[in-house]
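Heads up, my_file.cif below (mmCIF, C-alpha atoms):
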data_upload
#
loop_
_atom_site.label_atom_id
_atom_site.label_comp_id
_atom_site.auth_asym_id
_atom_site.auth_seq_id
_atom_site.Cartn_x
_atom_site.Cartn_y
_atom_site.Cartn_z
CA MET A 1 8.69 31.25 8.87
CA SER A 2 11.76 30.90 11.08
CA GLN A 3 12.85 27.65 12.69
CA PRO A 4 12.03 28.97 16.20
CA ASP A 5 8.50 29.81 15.03
CA ILE A 6 8.10 26.35 13.52
CA GLY A 7 9.35 24.86 16.77
CA ARG A 8 6.73 26.78 18.73
CA PHE A 9 3.95 25.55 16.45
CA ILE A 10 5.15 21.98 16.93
CA GLU A 11 5.31 22.44 20.69
CA MET A 12 1.79 23.88 20.76
CA SER A 13 0.41 21.05 18.65
CA GLY A 14 2.17 18.43 20.77
CA LYS A 15 0.37 19.62 23.87
CA THR A 16 -2.97 18.67 22.30
CA PHE A 17 -2.10 15.03 21.57
CA GLY A 18 -3.42 13.91 24.93
CA HIS A 19 -6.39 16.29 25.09
CA GLN A 20 -9.63 14.70 26.28
CA VAL A 21 -11.57 16.21 23.35
CA LYS A 22 -10.88 14.18 20.22
CA GLU A 23 -11.51 17.11 17.88
CA VAL A 24 -8.75 19.07 19.63
CA GLN A 25 -6.41 16.10 19.30
CA MET A 26 -7.03 15.84 15.56
CA ALA A 27 -6.57 19.59 15.07
CA GLY A 28 -3.26 19.36 16.90
CA LEU A 29 -2.11 16.44 14.79
CA LYS A 30 -2.95 18.34 11.62
CA MET A 31 -1.01 21.36 12.88
CA PHE A 32 1.93 19.14 13.72
CA SER A 33 1.96 17.59 10.24
CA LYS A 34 1.90 20.99 8.56
CA SER A 35 4.79 22.21 10.69
CA VAL A 36 7.15 19.26 11.04
CA VAL A 37 7.78 19.01 7.30
CA TYR A 38 9.61 22.35 7.45
CA VAL A 39 12.05 21.61 10.25
CA ASN A 40 15.75 21.54 9.41
CA ASN A 41 16.54 18.65 11.72
CA ILE A 42 13.88 15.94 11.58
CA GLN A 43 15.93 13.79 13.95
CA GLU A 44 14.58 15.82 16.85
CA TYR A 45 11.05 14.62 16.15
CA ILE A 46 11.34 11.02 14.93
CA GLY A 47 10.11 9.76 18.30
CA VAL A 48 6.75 11.38 17.65
CA ALA A 49 6.02 9.02 14.75
CA GLY A 50 5.61 6.10 17.13
CA GLN A 51 3.22 8.13 19.28
CA ILE A 52 1.06 8.96 16.28
CA LEU A 53 1.00 5.32 15.21
CA GLU A 54 -0.20 4.36 18.68
CA ARG A 55 -2.95 6.96 18.40
CA PHE A 56 -3.93 5.49 15.04
CA LYS A 57 -4.19 2.03 16.60
CA GLN A 58 -6.37 3.43 19.39
CA LEU A 59 -8.73 5.02 16.89
CA MET A 60 -9.00 1.74 15.00
CA THR A 61 -9.70 -0.14 18.23
CA GLU A 62 -12.37 2.40 19.15
CA GLY A 63 -13.99 1.94 15.75
CA ASP A 64 -13.50 5.62 14.89
CA MET A 65 -12.76 4.94 11.24
CA ASP A 66 -13.27 8.51 10.05
CA ASN A 67 -10.58 9.95 12.32
CA ALA A 68 -8.36 6.92 11.74
CA GLN A 69 -8.51 7.54 8.00
CA THR A 70 -7.80 11.24 8.52
CA LEU A 71 -4.79 10.39 10.65
CA LEU A 72 -3.54 7.92 8.07
CA GLN A 73 -3.74 10.62 5.40
CA ILE A 74 -1.72 12.88 7.72
CA LEU A 75 0.97 10.19 7.91
CA VAL A 76 1.01 9.83 4.12
CA ASP A 77 1.43 13.61 3.75
CA ILE A 78 4.36 13.62 6.17
CA ALA A 79 5.96 10.66 4.41
CA HIS A 80 5.74 12.48 1.10
CA GLU A 81 7.82 15.38 2.44
CA VAL A 82 10.05 13.87 5.15
CA PRO A 83 10.10 10.05 5.03
CA LYS A 84 12.91 9.96 7.58
CA PHE A 85 10.33 11.02 10.16
CA PHE A 86 9.44 7.31 10.30
CA MET A 87 12.98 5.95 10.57
CA ALA A 88 12.64 5.02 14.26
CA CYS A 89 9.39 3.08 13.82
CA ILE A 90 9.72 1.29 10.47
CA GLU A 91 9.35 -2.06 12.23
CA GLN A 92 6.05 -0.87 13.72
CA ILE A 93 4.60 0.57 10.53
CA SER A 94 4.79 -2.58 8.45
CA PRO A 95 2.62 -4.89 10.62
CA ILE A 96 0.12 -2.14 11.44
CA MET A 97 -0.42 -1.27 7.79
CA GLU A 98 -0.54 -4.94 6.86
CA LYS A 99 -3.35 -5.52 9.33
CA VAL A 100 -5.30 -2.59 7.86
CA GLY A 101 -4.65 -3.41 4.22
CA MET A 102 -5.46 -7.11 4.53
CA SER A 103 -8.74 -6.68 6.41
CA ASP A 104 -11.99 -6.85 4.46
CA GLN A 105 -13.72 -5.34 7.50
CA ILE A 106 -12.08 -1.95 6.87
CA VAL A 107 -13.30 0.53 4.27
CA GLU A 108 -11.46 0.48 0.96
CA ASP A 109 -10.21 4.07 1.12
CA THR A 110 -8.43 3.37 4.40
CA ARG A 111 -6.91 0.18 3.04
CA GLN A 112 -5.58 2.06 0.03
CA LEU A 113 -4.04 4.68 2.32
CA ALA A 114 -2.28 1.96 4.29
CA LEU A 115 -0.66 0.73 1.08
CA GLU A 116 0.08 4.29 -0.02
CA LEU A 117 1.93 5.05 3.21
CA LEU A 118 4.24 2.07 2.71
CA LEU A 119 4.86 2.92 -0.95
CA THR A 120 5.45 6.60 -0.25
CA ILE A 121 8.10 5.85 2.35
CA LEU A 122 9.74 3.44 -0.07
CA GLU A 123 9.70 5.82 -3.04
CA LYS A 124 10.78 8.92 -1.15
CA ASP A 125 13.62 7.23 0.76
CA PRO A 126 14.36 3.79 -0.72
CA ALA A 127 17.46 3.30 1.41
CA LEU A 128 15.29 3.45 4.52
CA VAL A 129 13.48 0.19 3.74
CA ARG A 130 15.10 -1.35 0.66
CA LYS A 131 16.89 -4.04 2.65
CA ASN A 132 13.91 -4.69 4.91
CA ALA A 133 12.47 -7.92 3.49
CA ALA A 134 9.47 -7.87 5.83
CA PHE A 135 8.55 -4.36 4.70
CA VAL A 136 8.81 -5.31 1.02
CA GLU A 137 6.77 -8.46 1.57
CA THR A 138 4.04 -6.46 3.28
CA VAL A 139 3.76 -4.16 0.27
CA VAL A 140 3.42 -7.16 -2.05
CA LYS A 141 0.87 -8.89 0.18
CA VAL A 142 -1.32 -5.82 0.58
CA GLY A 143 -1.05 -4.92 -3.11
CA LEU A 144 -2.16 -8.40 -4.19
CA GLN A 145 -4.90 -8.45 -1.57
CA LEU A 146 -6.37 -5.21 -2.91
CA MET A 147 -6.42 -6.78 -6.36
CA LEU A 148 -9.00 -9.24 -5.04
CA ILE A 149 -11.51 -6.46 -4.46
CA LEU A 150 -13.95 -6.63 -7.35
CA GLU A 151 -17.70 -6.34 -7.58
CA GLU A 152 -19.39 -9.53 -6.36
CA GLN A 153 -20.08 -11.36 -9.59
CA SER A 154 -19.60 -14.82 -11.00
CA ASN A 155 -17.06 -15.15 -13.82
CA SER A 156 -19.93 -15.54 -16.34
CA GLU A 157 -21.56 -12.31 -15.13
CA TRP A 158 -18.19 -10.55 -15.28
CA ASN A 159 -17.65 -11.64 -18.88
CA SER A 160 -21.15 -10.61 -19.93
CA GLU A 161 -20.62 -7.06 -18.66
CA TYR A 162 -16.90 -6.55 -19.23
CA ASP A 163 -16.23 -3.80 -21.76
CA HIS A 164 -12.42 -4.01 -21.99
CA ASN A 165 -11.91 -0.77 -20.10
CA VAL A 166 -9.68 -0.39 -17.06
CA ASP A 167 -11.32 -1.91 -13.99
CA ASP A 168 -13.61 0.40 -12.05
CA SER A 169 -12.28 -0.74 -8.67
CA PRO A 170 -9.87 1.85 -7.18
CA CYS A 171 -8.53 -0.85 -4.86
CA PHE A 172 -7.77 -3.20 -7.74
CA ASP A 173 -6.03 -0.39 -9.61
CA ALA A 174 -4.02 0.67 -6.56
CA GLY A 175 -2.96 -2.92 -6.01
CA GLN A 176 -1.74 -3.61 -9.51
CA VAL A 177 0.09 -0.29 -9.82
CA SER A 178 1.79 -0.89 -6.47
CA LEU A 179 3.63 -3.89 -7.92
CA CYS A 180 5.20 -1.72 -10.61
CA ARG A 181 6.01 1.07 -8.15
CA LEU A 182 7.70 -1.44 -5.89
CA ALA A 183 9.67 -3.08 -8.70
CA GLU A 184 11.08 0.31 -9.72
CA GLU A 185 12.69 0.75 -6.30
CA ILE A 186 13.67 -2.77 -5.24
CA SER A 187 16.24 -5.03 -6.87
CA LEU A 188 14.77 -7.96 -8.76
CA LYS A 189 16.80 -10.34 -6.60
CA LYS A 190 14.77 -9.17 -3.63
CA PHE A 191 11.46 -8.55 -5.41
CA LEU A 192 10.87 -11.69 -7.48
CA PRO A 193 11.49 -14.28 -4.72
CA ILE A 194 8.73 -12.56 -2.74
CA LEU A 195 6.32 -11.93 -5.61
CA LEU A 196 6.40 -15.18 -7.59
CA PRO A 197 5.44 -17.59 -4.78
CA LYS A 198 2.48 -15.38 -3.90
CA ILE A 199 1.36 -15.38 -7.53
CA GLN A 200 1.58 -19.18 -7.49
CA GLN A 201 -0.57 -19.27 -4.35
CA LEU A 202 -3.23 -17.16 -6.05
CA LEU A 203 -3.20 -19.40 -9.11
CA GLY A 204 -3.64 -22.43 -6.91
CA ASN A 205 -6.79 -20.98 -5.40
CA ASN A 206 -10.06 -22.21 -6.88
CA ASN A 207 -11.60 -18.74 -6.71
CA TRP A 208 -11.52 -17.19 -10.19
CA VAL A 209 -10.88 -13.75 -8.67
CA CYS A 210 -7.59 -15.01 -7.25
CA LYS A 211 -6.55 -16.46 -10.60
CA HIS A 212 -7.52 -13.22 -12.33
CA ALA A 213 -5.39 -11.21 -9.88
CA ALA A 214 -2.42 -13.50 -10.47
CA ILE A 215 -2.62 -13.18 -14.25
CA VAL A 216 -2.88 -9.39 -14.06
CA ALA A 217 0.06 -9.31 -11.62
CA ILE A 218 2.13 -11.22 -14.19
CA ALA A 219 1.04 -8.81 -16.92
CA GLN A 220 2.00 -5.84 -14.77
CA THR A 221 5.47 -7.18 -13.94
CA CYS A 222 6.33 -9.24 -17.03
CA GLU A 223 9.13 -6.87 -18.04
CA PHE A 224 10.77 -7.28 -14.66
CA ILE A 225 10.19 -11.04 -14.63
CA SER A 226 11.71 -11.48 -18.11
CA SER A 227 14.85 -9.56 -17.13
CA GLY A 228 15.19 -11.13 -13.71
CA GLY A 229 17.19 -14.20 -14.66
CA ILE A 230 14.16 -16.49 -14.65
CA ASN A 231 14.47 -19.63 -16.76
CA LYS A 232 12.65 -18.70 -19.99
CA ASP A 233 11.44 -22.24 -20.75
CA GLU A 234 10.13 -22.63 -17.23
CA LEU A 235 8.49 -19.22 -17.43
CA PHE A 236 6.83 -20.12 -20.75
CA GLU A 237 5.38 -23.30 -19.27
CA LYS A 238 4.00 -21.37 -16.30
CA VAL A 239 2.51 -18.64 -18.47
CA ALA A 240 0.99 -21.23 -20.79
CA SER A 241 -0.68 -22.91 -17.83
CA PHE A 242 -1.96 -19.53 -16.67
CA ILE A 243 -3.49 -18.88 -20.09
CA ASN A 244 -5.11 -22.32 -20.09
CA VAL A 245 -6.64 -21.61 -16.71
CA ALA A 246 -7.93 -18.25 -17.95
CA ALA A 247 -9.33 -19.81 -21.10
CA ARG A 248 -11.21 -22.47 -19.18
CA LEU A 249 -12.67 -19.87 -16.85
CA ARG A 250 -13.19 -17.36 -19.69
CA LEU A 251 -11.66 -14.60 -17.56
CA PRO A 252 -11.60 -11.12 -19.10
CA ARG A 253 -8.50 -9.81 -20.81
CA HIS A 254 -7.18 -6.92 -18.73
CA THR A 255 -6.10 -4.00 -20.87
CA GLY A 256 -5.16 -1.38 -18.27
CA ASP A 257 -1.88 0.47 -18.67
CA ARG A 258 0.92 -0.44 -16.33
#
Can you present the structure in this file as structure tokens?
Amino acid sequence: MSQPDIGRFIEMSGKTFGHQVKEVQMAGLKMFSKSVVYVNNIQEYIGVAGQILERFKQLMTEGDMDNAQTLLQILVDIAHEVPKFFMACIEQISPIMEKVGMSDQIVEDTRQLALELLLTILEKDPALVRKNAAFVETVVKVGLQLMLILEEQSNSEWNSEYDHNVDDSPCFDAGQVSLCRLAEEISLKKFLPILLPKIQQLLGNNNWVCKHAAIVAIAQTCEFISSGGINKDELFEKVASFINVAARLRLPRHTGDR
């Protein structure tokens, strides 16, 4: 398809964004996402990203979670192909996705997509957000928050049923993997000062789920921590205290692959 043809599709889809029928709006947004990834000059369309984010916020406010999730998947798909589409609204994306990812009132699939959008932008164009400390911190916060989503059980019930397989919670898995994905793209000098204090906060929480998330976060990032210039004696003391906490609570040993 020629660039003029792609441009016409984008123009047609853009005219539906304000349509009074929501189904027409969503169809137009899908058409836009399928077309914009093929343009030669994405700079011409970066202003549209902010408009779509505003539409996403409206859908969330209206309580239309199905269409909000669909629109979030559209944004993830665009980010996978042309992350620079979001270059003019990076400062908007981070707080919006943080609000979604941190809320236990929002369905888990949508929360995972919020995290995935941030990670996809980071992985596909690291230079776009690598120096943005607020963006990196949001990824860490949401990732750790998703690691708190486990089936409602006491620690004794968990231990009685735990079979040493990878956790069944997709949110938990998405959260722990996000830490590794982030560490692969961000320098340790930027990553560890954000991650370690948050792990300490989780360990200081009396809820065993928080302590479990912290220990798994350490397990997932131990290679990065050990090579990040951290004092080894200090690290050993911290890890030993973590193990003691786990032993007293009889938390399960997590065996999932990083």
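Counting all atoms listed in the file and comparing A:Val48, A:Val177, A:Ile90, A:Ile194, the residue that lies closest to Ala219 (chain A) is A:Val177.
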Listed atoms of region 110-116 of chain A boxed along x, y and z, 6 Å each side, centre and edge lengths in Å, one decimal, as JSON:
{"center_x": -4.2, "center_y": 2.4, "center_z": 2.2, "size_x": 20.5, "size_y": 16.5, "size_z": 16.4}
Mind telling me what the PyMOL selection byres ((chain A and resi 2-5) around 9) catches here, as JSON, numbers by chain?
{"A": [1, 6, 7, 8, 9, 10, 38, 39, 40]}
Emit the selected residues as a PDB file, keeping the file's coordinate frame, including C-alpha atoms.
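Below is the file that was written, part-v3.pdb:
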ATOM      1  CA  MET A   1       8.690  31.250   8.870  1.00  0.00           C
ATOM      2  CA  ILE A   6       8.100  26.350  13.520  1.00  0.00           C
ATOM      3  CA  GLY A   7       9.350  24.860  16.770  1.00  0.00           C
ATOM      4  CA  ARG A   8       6.730  26.780  18.730  1.00  0.00           C
ATOM      5  CA  PHE A   9       3.950  25.550  16.450  1.00  0.00           C
ATOM      6  CA  ILE A  10       5.150  21.980  16.930  1.00  0.00           C
ATOM      7  CA  TYR A  38       9.610  22.350   7.450  1.00  0.00           C
ATOM      8  CA  VAL A  39      12.050  21.610  10.250  1.00  0.00           C
ATOM      9  CA  ASN A  40      15.750  21.540   9.410  1.00  0.00           C
TER      10      ASN A  40
END
Two-atom distance - CA of Thr61 (chain A), CA of Leu128 (chain A) (Å):
28.7 Å
Just checking: using only C-alpha atoms, which residue out of A:Ile96, A:Leu192, A:Leu148, A:Arg181 ends up closest to Asn207 (chain A)?
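Among the listed residues, the smallest separation from Asn207 (chain A) belongs to A:Leu148.
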What is the distance between CA of Met60 (chain A) and CA of Gln73 (chain A), in Å to one decimal?
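Distance reported for this atom pair: 14.1 Å.
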Could you tell me how far CA of Leu59 (chain A) sits from CA of Val100 (chain A), in Å to one decimal place?
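Separation of CA of Val100 (chain A) and CA of Leu59 (chain A): 12.3 Å.
Taking all atoms listed in the file into account, Pro197 (chain A) lies nearest to A:Ala214 out of the set A:Ala214, A:Ile149, A:Val209, A:Val21.
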Near Gly50 (chain A), counting only C-alpha atoms, which residues have an atom at most 8 Å away, once you skip same-chain residues fewer than 2 positions from it, shown as a PyMOL selection string?
chain A and resi 46-48+52-54+86+88-89+92
Polymer residues at most 10 Å from Thr70 (chain A), only C-alpha atoms, same-chain spacing of 6 or more positions, as a PyMOL selection string:
chain A and resi 26+29-30+56+76+110+113
Mind writing the picked residues with C-alpha atoms as a PDB file, keeping the file's coordinate frame?
ATOM      1  CA  MET A  26      -7.030  15.840  15.560  1.00  0.00           C
ATOM      2  CA  LEU A  29      -2.110  16.440  14.790  1.00  0.00           C
ATOM      3  CA  LYS A  30      -2.950  18.340  11.620  1.00  0.00           C
ATOM      4  CA  PHE A  56      -3.930   5.490  15.040  1.00  0.00           C
ATOM      5  CA  VAL A  76       1.010   9.830   4.120  1.00  0.00           C
ATOM      6  CA  THR A 110      -8.430   3.370   4.400  1.00  0.00           C
ATOM      7  CA  LEU A 113      -4.040   4.680   2.320  1.00  0.00           C
TER       8      LEU A 113
END
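Across A:Leu144, A:Ala174, A:Ser94, A:Asp109, the tightest approach to Lys211 (chain A) is made by A:Leu144 when counting only C-alpha atoms.
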Smallest atom-to-atom distance to Leu179 (chain A): which of A:Thr221, A:Gln145, A:Gln20, A:Thr138, using all atoms listed in the file?
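So, comparing all the options, the nearest one is A:Thr221.
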Hits of the PyMOL selection byres ((chain A and resi 101) around 6) in this structure, as a PyMOL selection string:
chain A and resi 97-100+102-103+111+114+142
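Checking A:Asp77, A:Glu108, A:Glu123, A:Glu116 one by one against Glu185 (chain A), counting only C-alpha atoms, you find the shortest gap at A:Glu123.
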Exercise: Gly204 (chain A) partners within 12 Å, only C-alpha atoms, chain neighbours under 3 positions left out, as an NGL selection string
:A and (197-201 or 207-215 or 241-242 or 245)
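Picked by the PyMOL selection byres ((chain A and resi 83) around 9) from the coordinates shown: Ile78, Ala79, His80, Glu81, Val82, Lys84, Phe85, Phe86, Met87, Thr120, Ile121, Leu122, Lys124, Asp125 and Leu128 of chain A.
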With 6 Å as the threshold, what does the neighbourhood of (-5.0, -2.8, -2.9) contain in terms of residues, counting only C-alpha atoms? Coordinates are those of the file; answer as number ranges by chain.
A: 112, 142-143, 145-147, 171-172, 174-175
Okay, now the selection with C-alpha atoms, as a short mmCIF file (atom, residue, chain, number, x, y, z; two decimals), in the frame of the given file?
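Just written: result07.cif:
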data_model
loop_
_atom_site.label_atom_id
_atom_site.label_comp_id
_atom_site.auth_asym_id
_atom_site.auth_seq_id
_atom_site.Cartn_x
_atom_site.Cartn_y
_atom_site.Cartn_z
CA GLN A 112 -5.58 2.06 0.03
CA VAL A 142 -1.32 -5.82 0.58
CA GLY A 143 -1.05 -4.92 -3.11
CA GLN A 145 -4.90 -8.45 -1.57
CA LEU A 146 -6.37 -5.21 -2.91
CA MET A 147 -6.42 -6.78 -6.36
CA CYS A 171 -8.53 -0.85 -4.86
CA PHE A 172 -7.77 -3.20 -7.74
CA ALA A 174 -4.02 0.67 -6.56
CA GLY A 175 -2.96 -2.92 -6.01
#
Quick one: residues within 10 Å of Ile186 (chain A), all atoms listed in the file counted, chain neighbours fewer than 2 positions away excluded, as an MDAnalysis selection string?
chainID A and resid 122:123 126:127 129:131 136 181:184 188:192
Which polymer residues, protein or nucleic acid, are no farther than 9 Å from (-8.4, 15.7, 18.7), counting only C-alpha atoms, as a ChimeraX atom specification?
/A:16-29,67
